[in-house]
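Enquirer: Take a look at structure28.cif, mmCIF, C-alpha atoms:
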```cif
data_target
#
loop_
_atom_site.group_PDB
_atom_site.id
_atom_site.type_symbol
_atom_site.label_atom_id
_atom_site.label_comp_id
_atom_site.auth_asym_id
_atom_site.auth_seq_id
_atom_site.Cartn_x
_atom_site.Cartn_y
_atom_site.Cartn_z
ATOM 1 C CA MET A 1 -26.768 20.890 -79.423
ATOM 2 C CA GLN A 2 -25.445 24.251 -78.298
ATOM 3 C CA THR A 3 -25.708 27.236 -80.591
ATOM 4 C CA PRO A 4 -22.940 29.848 -80.927
ATOM 5 C CA ASP A 5 -25.163 32.167 -78.916
ATOM 6 C CA ASP A 6 -25.260 29.617 -76.106
ATOM 7 C CA GLU A 7 -21.485 29.293 -76.140
ATOM 8 C CA GLN A 8 -21.069 33.045 -76.088
ATOM 9 C CA PHE A 9 -23.469 33.368 -73.184
ATOM 10 C CA GLU A 10 -21.724 30.525 -71.387
ATOM 11 C CA ALA A 11 -18.395 32.319 -71.851
ATOM 12 C CA TYR A 12 -19.992 35.483 -70.463
ATOM 13 C CA LEU A 13 -21.242 33.568 -67.402
ATOM 14 C CA LYS A 14 -17.800 32.065 -66.805
ATOM 15 C CA ARG A 15 -16.362 35.538 -66.454
ATOM 16 C CA PHE A 16 -18.172 35.724 -63.130
ATOM 17 C CA HIS A 17 -16.010 33.859 -60.632
ATOM 18 C CA PRO A 18 -17.711 32.354 -57.583
ATOM 19 C CA ILE A 19 -16.478 33.810 -54.305
ATOM 20 C CA ALA A 20 -14.142 31.582 -52.326
ATOM 21 C CA PRO A 21 -15.455 30.112 -49.069
ATOM 22 C CA GLU A 22 -13.977 30.958 -45.696
ATOM 23 C CA PRO A 23 -11.064 28.710 -44.745
ATOM 24 C CA VAL A 24 -11.896 25.473 -42.924
ATOM 25 C CA PRO A 25 -10.785 25.989 -39.287
ATOM 26 C CA THR A 26 -9.021 22.619 -39.058
ATOM 27 C CA LEU A 27 -7.104 23.201 -42.264
ATOM 28 C CA SER A 28 -5.788 26.554 -41.072
ATOM 29 C CA VAL A 29 -4.960 25.110 -37.630
ATOM 30 C CA SER A 30 -3.071 22.167 -39.102
ATOM 31 C CA HIS A 31 -1.242 24.562 -41.399
ATOM 32 C CA SER A 32 -0.160 26.805 -38.567
ATOM 33 C CA SER A 33 0.765 23.894 -36.284
ATOM 34 C CA ARG A 34 3.032 22.492 -38.952
ATOM 35 C CA ARG A 35 4.694 25.880 -39.294
ATOM 36 C CA SER A 36 4.926 26.525 -35.573
ATOM 37 C CA LEU A 37 6.481 23.160 -34.763
ATOM 38 C CA PRO A 38 10.078 24.210 -35.497
ATOM 39 C CA PHE A 39 9.338 27.576 -33.878
ATOM 40 C CA GLY A 40 8.066 25.767 -30.758
ATOM 41 C CA THR A 41 11.189 23.651 -30.604
ATOM 42 C CA TRP A 42 13.318 26.727 -31.004
ATOM 43 C CA LEU A 43 11.364 28.487 -28.261
ATOM 44 C CA ALA A 44 11.766 25.516 -25.907
ATOM 45 C CA ALA A 45 15.516 25.483 -26.546
ATOM 46 C CA VAL A 46 15.795 29.190 -25.783
ATOM 47 C CA ALA A 47 13.723 28.744 -22.610
ATOM 48 C CA ALA A 48 15.944 25.858 -21.492
ATOM 49 C CA ILE A 49 19.079 27.943 -22.083
ATOM 50 C CA LEU A 50 17.599 30.841 -20.106
ATOM 51 C CA VAL A 51 16.652 28.573 -17.194
ATOM 52 C CA ILE A 52 20.103 26.980 -17.107
ATOM 53 C CA GLY A 53 21.682 30.435 -17.273
ATOM 54 C CA ALA A 54 19.494 31.684 -14.445
ATOM 55 C CA VAL A 55 20.392 28.683 -12.275
ATOM 56 C CA ILE A 56 24.117 29.187 -12.905
ATOM 57 C CA LEU A 57 23.843 32.902 -12.130
ATOM 58 C CA HIS A 58 21.897 32.142 -8.961
ATOM 59 C CA ILE A 59 24.551 29.685 -7.766
ATOM 60 C CA LEU A 60 27.378 32.094 -8.584
ATOM 61 C CA SER A 61 25.683 35.054 -6.911
ATOM 62 C CA ASN A 62 25.035 32.973 -3.770
ATOM 63 C CA ARG A 63 28.723 32.207 -3.555
ATOM 64 C CA VAL A 64 29.557 35.899 -3.887
ATOM 65 C CA VAL A 65 26.991 36.796 -1.239
ATOM 66 C CA VAL A 66 28.371 34.202 1.146
ATOM 67 C CA SER A 67 31.909 35.463 0.659
ATOM 68 C CA ASN A 68 30.687 39.086 0.881
ATOM 69 C CA ARG A 69 28.837 38.335 4.103
ATOM 70 C CA ALA A 70 31.993 36.932 5.624
ATOM 71 C CA GLY A 71 33.867 40.042 4.523
ATOM 72 C CA ASP A 72 31.096 42.333 5.700
ATOM 73 C CA ALA A 73 31.062 40.744 9.127
ATOM 74 C CA ALA A 74 34.773 41.302 9.465
ATOM 75 C CA ILE A 75 34.475 44.908 8.357
ATOM 76 C CA THR A 76 31.462 45.698 10.527
ATOM 77 C CA GLU A 77 33.052 44.135 13.551
ATOM 78 C CA ARG A 78 36.010 46.328 12.907
ATOM 79 C CA HIS A 79 33.883 49.466 12.564
ATOM 80 C CA ALA A 80 31.180 48.609 15.089
ATOM 81 C CA PRO A 81 30.405 51.727 17.123
ATOM 82 C CA SER A 82 30.552 51.436 20.839
ATOM 83 C CA GLU A 83 28.705 54.738 21.570
ATOM 84 C CA PRO A 84 24.868 54.969 21.542
ATOM 85 C CA LEU A 85 23.172 55.175 18.155
ATOM 86 C CA THR A 86 22.597 58.712 16.894
ATOM 87 C CA MET A 87 21.753 60.140 13.470
ATOM 88 C CA ARG A 88 25.335 61.114 13.004
ATOM 89 C CA SER A 89 26.709 57.715 13.919
ATOM 90 C CA ALA A 90 24.063 56.007 11.760
ATOM 91 C CA ASN A 91 25.058 58.167 8.775
ATOM 92 C CA ALA A 92 28.703 57.394 9.374
ATOM 93 C CA TRP A 93 27.796 53.742 9.737
ATOM 94 C CA LEU A 94 25.931 53.728 6.424
ATOM 95 C CA ALA A 95 28.725 55.595 4.695
ATOM 96 C CA THR A 96 31.391 53.138 5.759
ATOM 97 C CA ALA A 97 29.340 49.930 5.409
ATOM 98 C CA PRO A 98 29.995 47.868 2.247
ATOM 99 C CA SER A 99 26.276 47.642 1.490
ATOM 100 C CA PHE A 100 23.017 49.046 2.788
ATOM 101 C CA LYS A 101 21.822 45.569 3.816
ATOM 102 C CA ALA A 102 24.981 44.890 5.762
ATOM 103 C CA ALA A 103 24.639 48.242 7.527
ATOM 104 C CA VAL A 104 21.006 47.624 8.484
ATOM 105 C CA ASP A 105 21.820 44.090 9.661
ATOM 106 C CA ASP A 106 24.614 45.357 11.846
ATOM 107 C CA LEU A 107 22.462 48.127 13.278
ATOM 108 C CA ALA A 108 19.703 45.621 14.016
ATOM 109 C CA PHE A 109 22.022 43.283 15.916
ATOM 110 C CA ARG A 110 23.950 46.109 17.517
ATOM 111 C CA SER A 111 22.294 45.610 20.896
ATOM 112 C CA GLN A 112 23.658 42.062 21.017
ATOM 113 C CA THR A 113 27.161 43.095 20.120
ATOM 114 C CA ASN A 114 27.176 46.090 22.496
ATOM 115 C CA PRO A 115 26.045 45.016 25.958
ATOM 116 C CA LEU A 116 24.544 47.639 28.267
ATOM 117 C CA PRO A 117 26.739 49.173 30.988
ATOM 118 C CA GLN A 118 26.711 47.635 34.460
ATOM 119 C CA GLY A 119 23.613 48.454 36.553
ATOM 120 C CA LYS A 120 21.537 49.633 33.553
ATOM 121 C CA GLN A 121 18.614 47.860 31.985
ATOM 122 C CA SER A 122 17.034 48.084 28.602
ATOM 123 C CA ALA A 123 13.430 49.287 28.303
ATOM 124 C CA VAL A 124 12.371 45.917 26.975
ATOM 125 C CA ALA A 125 13.878 44.151 29.994
ATOM 126 C CA VAL A 126 12.040 46.505 32.394
ATOM 127 C CA LEU A 127 8.739 46.085 30.629
ATOM 128 C CA SER A 128 9.095 42.324 30.640
ATOM 129 C CA LYS A 129 9.311 42.354 34.447
ATOM 130 C CA GLU A 130 6.209 44.513 34.880
ATOM 131 C CA LYS A 131 3.063 42.698 35.972
ATOM 132 C CA ILE A 132 0.310 43.985 33.800
ATOM 133 C CA ARG A 133 -3.225 43.141 34.772
ATOM 134 C CA LEU A 134 -5.502 42.716 31.893
ATOM 135 C CA MET B 1 5.544 13.489 -45.205
ATOM 136 C CA GLY B 2 3.123 11.197 -43.338
ATOM 137 C CA ARG B 3 -0.079 9.743 -44.690
ATOM 138 C CA THR B 4 -2.274 12.123 -42.701
ATOM 139 C CA GLU B 5 -0.251 15.151 -43.747
ATOM 140 C CA ARG B 6 -0.393 14.048 -47.383
ATOM 141 C CA ASN B 7 -4.153 13.621 -47.072
ATOM 142 C CA THR B 8 -4.534 17.078 -45.491
ATOM 143 C CA ALA B 9 -2.350 18.668 -48.167
ATOM 144 C CA GLU B 10 -4.447 17.038 -50.885
ATOM 145 C CA ILE B 11 -7.660 18.251 -49.246
ATOM 146 C CA GLU B 12 -6.245 21.746 -48.932
ATOM 147 C CA ALA B 13 -5.477 21.734 -52.655
ATOM 148 C CA LEU B 14 -8.974 20.466 -53.462
ATOM 149 C CA TYR B 15 -10.500 23.118 -51.236
ATOM 150 C CA ARG B 16 -8.564 25.884 -52.959
ATOM 151 C CA GLN B 17 -9.407 24.519 -56.397
ATOM 152 C CA HIS B 18 -13.081 23.613 -56.018
ATOM 153 C CA GLY B 19 -14.147 25.479 -52.843
ATOM 154 C CA PRO B 20 -15.650 28.490 -54.670
ATOM 155 C CA ALA B 21 -17.738 26.362 -57.068
ATOM 156 C CA LEU B 22 -18.800 24.064 -54.222
ATOM 157 C CA LEU B 23 -19.916 27.022 -52.146
ATOM 158 C CA LEU B 24 -21.843 28.436 -55.100
ATOM 159 C CA PHE B 25 -23.472 25.052 -55.683
ATOM 160 C CA ALA B 26 -24.421 24.755 -52.005
ATOM 161 C CA SER B 27 -25.807 28.304 -52.053
ATOM 162 C CA ALA B 28 -27.811 27.531 -55.200
ATOM 163 C CA ILE B 29 -29.416 24.510 -53.495
ATOM 164 C CA SER B 30 -29.868 25.765 -49.946
ATOM 165 C CA GLY B 31 -30.620 29.369 -50.762
ATOM 166 C CA ASP B 32 -28.684 30.483 -47.710
ATOM 167 C CA ARG B 33 -25.049 31.474 -47.749
ATOM 168 C CA GLY B 34 -24.399 30.547 -44.106
ATOM 169 C CA ARG B 35 -25.880 27.076 -44.466
ATOM 170 C CA ALA B 36 -23.964 26.616 -47.703
ATOM 171 C CA GLN B 37 -20.710 27.544 -45.991
ATOM 172 C CA ASP B 38 -21.455 25.118 -43.143
ATOM 173 C CA ALA B 39 -22.187 22.309 -45.580
ATOM 174 C CA VAL B 40 -18.924 22.831 -47.461
ATOM 175 C CA HIS B 41 -16.942 22.939 -44.217
ATOM 176 C CA GLN B 42 -18.704 19.819 -42.964
ATOM 177 C CA VAL B 43 -17.758 17.911 -46.113
ATOM 178 C CA PHE B 44 -14.104 18.892 -45.908
ATOM 179 C CA LEU B 45 -13.863 18.224 -42.187
ATOM 180 C CA LYS B 46 -15.275 14.743 -42.731
ATOM 181 C CA ALA B 47 -12.868 14.237 -45.615
ATOM 182 C CA ILE B 48 -9.963 15.098 -43.322
ATOM 183 C CA GLU B 49 -11.228 12.725 -40.641
ATOM 184 C CA ASN B 50 -11.888 9.653 -42.733
ATOM 185 C CA GLY B 51 -9.729 10.270 -45.804
ATOM 186 C CA SER B 52 -12.595 9.306 -48.087
ATOM 187 C CA VAL B 53 -11.654 11.754 -50.852
ATOM 188 C CA SER B 54 -8.374 10.054 -51.646
ATOM 189 C CA GLN B 55 -10.276 6.828 -52.368
ATOM 190 C CA ALA B 56 -12.713 8.493 -54.775
ATOM 191 C CA LYS B 57 -12.105 7.986 -58.495
ATOM 192 C CA ASN B 58 -13.495 11.329 -59.546
ATOM 193 C CA LYS B 59 -12.668 13.590 -56.637
ATOM 194 C CA LYS B 60 -14.390 16.683 -57.973
ATOM 195 C CA ALA B 61 -17.686 14.902 -58.706
ATOM 196 C CA TYR B 62 -17.454 13.143 -55.342
ATOM 197 C CA LEU B 63 -17.092 16.470 -53.521
ATOM 198 C CA PHE B 64 -20.086 17.956 -55.329
ATOM 199 C CA ALA B 65 -22.145 14.900 -54.410
ATOM 200 C CA CYS B 66 -21.062 15.171 -50.765
ATOM 201 C CA VAL B 67 -21.947 18.861 -50.631
ATOM 202 C CA ARG B 68 -25.349 18.165 -52.174
ATOM 203 C CA ASN B 69 -26.041 15.435 -49.603
ATOM 204 C CA ALA B 70 -24.884 17.651 -46.759
ATOM 205 C CA VAL B 71 -27.189 20.489 -47.843
ATOM 206 C CA LEU B 72 -30.187 18.211 -48.403
ATOM 207 C CA ASN B 73 -29.660 16.411 -45.083
ATOM 208 C CA ASP B 74 -29.402 19.727 -43.339
ATOM 209 C CA ALA B 75 -32.597 20.886 -45.056
ATOM 210 C CA LYS B 76 -34.331 17.710 -43.799
ATOM 211 C CA VAL B 77 -33.155 18.389 -40.270
ATOM 212 C CA GLN B 78 -34.213 22.023 -40.462
ATOM 213 C CA ASP B 79 -37.525 20.961 -42.035
ATOM 214 C CA ARG B 80 -38.134 24.201 -43.830
ATOM 215 C CA ASN B 81 -37.941 25.530 -47.347
ATOM 216 C CA MET B 82 -35.948 28.667 -47.334
ATOM 217 C CA PRO B 83 -36.357 31.110 -50.203
ATOM 218 C CA LEU B 84 -33.225 31.789 -52.213
ATOM 219 C CA ASP B 85 -31.232 34.514 -50.550
ATOM 220 C CA VAL B 86 -30.365 36.797 -53.453
ATOM 221 C CA ASP B 87 -29.026 39.581 -51.273
ATOM 222 C CA SER B 88 -25.685 37.981 -50.491
ATOM 223 C CA VAL B 89 -23.030 38.274 -53.177
ATOM 224 C CA TRP B 90 -22.179 35.033 -54.957
ATOM 225 C CA PHE B 91 -19.673 36.144 -57.583
ATOM 226 C CA SER B 92 -16.777 38.501 -57.976
ATOM 227 C CA PRO B 93 -17.882 40.378 -61.089
ATOM 228 C CA PRO B 94 -15.632 41.087 -64.067
ATOM 229 C CA ASP B 95 -14.689 44.747 -64.563
ATOM 230 C CA ARG B 96 -16.634 45.704 -61.428
ATOM 231 C CA ASP B 97 -19.888 44.843 -63.156
ATOM 232 C CA TYR B 98 -21.866 44.708 -59.911
ATOM 233 C CA ALA B 99 -25.167 45.268 -61.682
ATOM 234 C CA GLY B 100 -24.374 42.276 -63.909
ATOM 235 C CA GLU B 101 -23.572 40.184 -60.848
ATOM 236 C CA GLN B 102 -26.865 41.111 -59.214
ATOM 237 C CA ASN B 103 -28.689 40.440 -62.455
ATOM 238 C CA LEU B 104 -27.073 37.000 -62.733
ATOM 239 C CA ARG B 105 -27.978 36.131 -59.142
ATOM 240 C CA ARG B 106 -31.588 37.177 -59.688
ATOM 241 C CA GLY B 107 -31.706 35.207 -62.918
ATOM 242 C CA LEU B 108 -30.366 32.104 -61.177
ATOM 243 C CA GLY B 109 -32.855 32.602 -58.381
ATOM 244 C CA GLU B 110 -35.730 32.605 -60.832
ATOM 245 C CA LEU B 111 -34.736 29.219 -62.287
ATOM 246 C CA PRO B 112 -36.363 25.998 -61.058
ATOM 247 C CA ASP B 113 -34.150 24.147 -58.553
ATOM 248 C CA ASP B 114 -33.201 21.273 -60.866
ATOM 249 C CA GLN B 115 -32.212 23.641 -63.688
ATOM 250 C CA ARG B 116 -30.241 25.900 -61.353
ATOM 251 C CA GLU B 117 -28.314 22.886 -60.063
ATOM 252 C CA VAL B 118 -27.391 21.773 -63.570
ATOM 253 C CA ILE B 119 -26.293 25.187 -64.771
ATOM 254 C CA VAL B 120 -24.090 25.765 -61.723
ATOM 255 C CA LEU B 121 -22.559 22.298 -61.982
ATOM 256 C CA HIS B 122 -21.782 22.670 -65.684
ATOM 257 C CA VAL B 123 -20.691 26.312 -65.944
ATOM 258 C CA TRP B 124 -18.849 26.859 -62.657
ATOM 259 C CA GLY B 125 -18.339 23.289 -61.448
ATOM 260 C CA GLU B 126 -17.111 22.293 -64.919
ATOM 261 C CA LEU B 127 -18.690 18.851 -64.648
ATOM 262 C CA THR B 128 -19.696 16.990 -67.787
ATOM 263 C CA PHE B 129 -23.338 16.083 -68.403
ATOM 264 C CA SER B 130 -22.456 12.461 -67.694
ATOM 265 C CA GLU B 131 -20.987 13.421 -64.291
ATOM 266 C CA ILE B 132 -23.983 15.652 -63.566
ATOM 267 C CA GLY B 133 -26.337 12.812 -64.503
ATOM 268 C CA ASP B 134 -24.548 10.448 -62.091
ATOM 269 C CA LEU B 135 -24.640 13.035 -59.343
ATOM 270 C CA LEU B 136 -28.319 13.867 -59.700
ATOM 271 C CA GLY B 137 -29.445 10.345 -60.529
ATOM 272 C CA VAL B 138 -30.672 11.217 -64.024
ATOM 273 C CA SER B 139 -29.428 10.363 -67.505
ATOM 274 C CA SER B 140 -26.805 12.546 -69.163
ATOM 275 C CA ASN B 141 -29.405 13.481 -71.819
ATOM 276 C CA THR B 142 -31.779 14.741 -69.149
ATOM 277 C CA ALA B 143 -28.959 16.742 -67.597
ATOM 278 C CA ALA B 144 -28.074 18.259 -70.983
ATOM 279 C CA SER B 145 -31.682 19.046 -71.732
ATOM 280 C CA ARG B 146 -32.155 20.751 -68.351
ATOM 281 C CA TYR B 147 -29.035 22.734 -69.037
ATOM 282 C CA ARG B 148 -30.301 24.008 -72.389
ATOM 283 C CA TYR B 149 -33.605 25.097 -70.864
ATOM 284 C CA ALA B 150 -31.815 26.726 -67.974
ATOM 285 C CA LEU B 151 -29.393 28.589 -70.211
ATOM 286 C CA ALA B 152 -32.195 29.935 -72.423
ATOM 287 C CA LYS B 153 -34.261 30.973 -69.424
ATOM 288 C CA LEU B 154 -31.350 32.632 -67.678
ATOM 289 C CA ARG B 155 -30.342 34.551 -70.779
ATOM 290 C CA GLY B 156 -33.935 35.675 -71.301
ATOM 291 C CA SER B 157 -34.380 36.890 -67.738
ATOM 292 C CA MET B 158 -31.014 38.647 -67.691
ATOM 293 C CA LEU B 159 -31.699 40.377 -70.994
ATOM 294 C CA ALA B 160 -35.164 41.402 -69.848
ATOM 295 C CA LYS B 161 -33.717 42.869 -66.682
ATOM 296 C CA GLU B 162 -31.012 44.726 -68.610
ATOM 297 C CA ASN B 163 -33.596 46.115 -71.025
ATOM 298 C CA SER B 164 -35.884 47.241 -68.219
ATOM 299 C CA CYS B 165 -32.952 48.980 -66.558
ATOM 300 C CA ALA B 166 -32.046 50.664 -69.858
ATOM 301 C CA ASP B 167 -35.656 51.795 -70.364
ATOM 302 C CA SER B 168 -35.882 53.227 -66.863
ATOM 303 C CA ARG B 169 -32.813 55.389 -67.584
#
```
Render the structure in this file as structure tokens.

Expert:
Amino acid sequence: MQTPDDEQFEAYLKRFHPIAPEPVPTLSVSHSSRRSLPFGTWLAAVAAILVIGAVILHILSNRVVVSNRAGDAAITERHAPSEPLTMRSANAWLATAPSFKAAVDDLAFRSQTNPLPQGKQSAVAVLSKEKIRL
Amino acid sequence: MGRTERNTAEIEALYRQHGPALLLFASAISGDRGRAQDAVHQVFLKAIENGSVSQAKNKKAYLFACVRNAVLNDAKVQDRNMPLDVDSVWFSPPDRDYAGEQNLRRGLGELPDDQREVIVLHVWGELTFSEIGDLLGVSSNTAASRYRYALAKLRGSMLAKENSCADSR
């Protein structure tokens, strides 16, 4: 039989609340996975849209590049310099070229488009004929 | 909602509701807060795996029994009797009564193991003497009797401590 004193003391003890334990790892993981499931789906959808967009852009830009290259070739052929390459002509070449890449490409293949005058040889051709003893 | 999700949700609710008292009970038996925490986690992880809690008639009493078994099994494996760790905080005190909290912990620590178990199960676990008797394998009368002794002893030691503190001031 409990006395009123016991009940009072019991009530006093109950005012002290035991501290909660740390969360169970699995419970918190399952909680977050349930929450992140729609987020994951959403993320996958966004990623898919981005990939599709990137592919479409890539295809479109390739088409533009192809058509640009055709145009560039026409333009560069038109403006191809026949005189030897100097700083001045290179600057003029870069200024008139539709793009830097096109200009560099044309300058690189310039030797093929402009053959050397009759009776002259390029340095590379001369060196290739030299017999070098190693 | 699937069966597993329903089971997990139920276990989450049980953990929120009874977790603090279960941890206190495990601490009161094992004497070590870390081991107590491990035992409580172990019980709930097993409950998630096998869904045993949902089959239990009295879920709260079942959880206390599981925690007790987990602590005692662990103690068997460890093969050592650890003294009660009274330095770690067990309660959030009312009105920032930290001295009271420390006094209560010391008082609980001074109780014999069987009396400490009963007082924790009845006051903070809110189990009846019949449920406590089933859990500990004793009659409900024995459980009630242990409780009365424990309550008197705890009150005495807490009052003595309070008085000694008052005298020292």

Enquirer: To one decimal place, how far is CA of Gln121 in chain A from CA of Arg88 in chain A in Å?

Expert: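 Separation between CA of Gln121 in chain A and CA of Arg88 in chain A: 24.1 Å.
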
Enquirer: Starting from chain A, keep only residues with some atom at most 7 Å from an atom of chain B, counting all atoms listed in the file, and report them as JSON, numbers by chain.

Expert: {"A": [10, 14, 15, 16, 17, 18, 19, 20, 21, 24, 27]}

Enquirer: How many Å lie between CA of Pro112 in chain B and CA of Ile132 in chain B, rounded to one decimal?

Expert: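 It comes out at 16.3 Å.
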
Enquirer: What is the distance, in Å and to one decimal place, between CA of Asp74 in chain B and CA of Val120 in chain B?

Expert: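 Spanning CA of Asp74 in chain B to CA of Val120 in chain B is a straight-line distance of 20.1 Å.
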
Enquirer: For Ala103 in chain A, list every protein, DNA or RNA residue within 8 Å, evaluated using all atoms listed in the file, and leave out those in the same chain fewer than 3 positions away; present the list as a list in words.

Expert: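 Returned residues: Thr76, Trp93, Leu94, Ala97, Pro98, Ser99, Phe100, Asp106 and Leu107 of chain A.
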
Enquirer: Might I get the box with edges along x, y and z of the file that holds all atoms of range 147-163 of chain B listed there, padded by 4 Å on every side, given as centre and edge lengths in Å to one decimal, as JSON?

Expert:
```
{"center_x": -32.1, "center_y": 34.4, "center_z": -69.6, "size_x": 14.1, "size_y": 31.4, "size_z": 13.7}
```
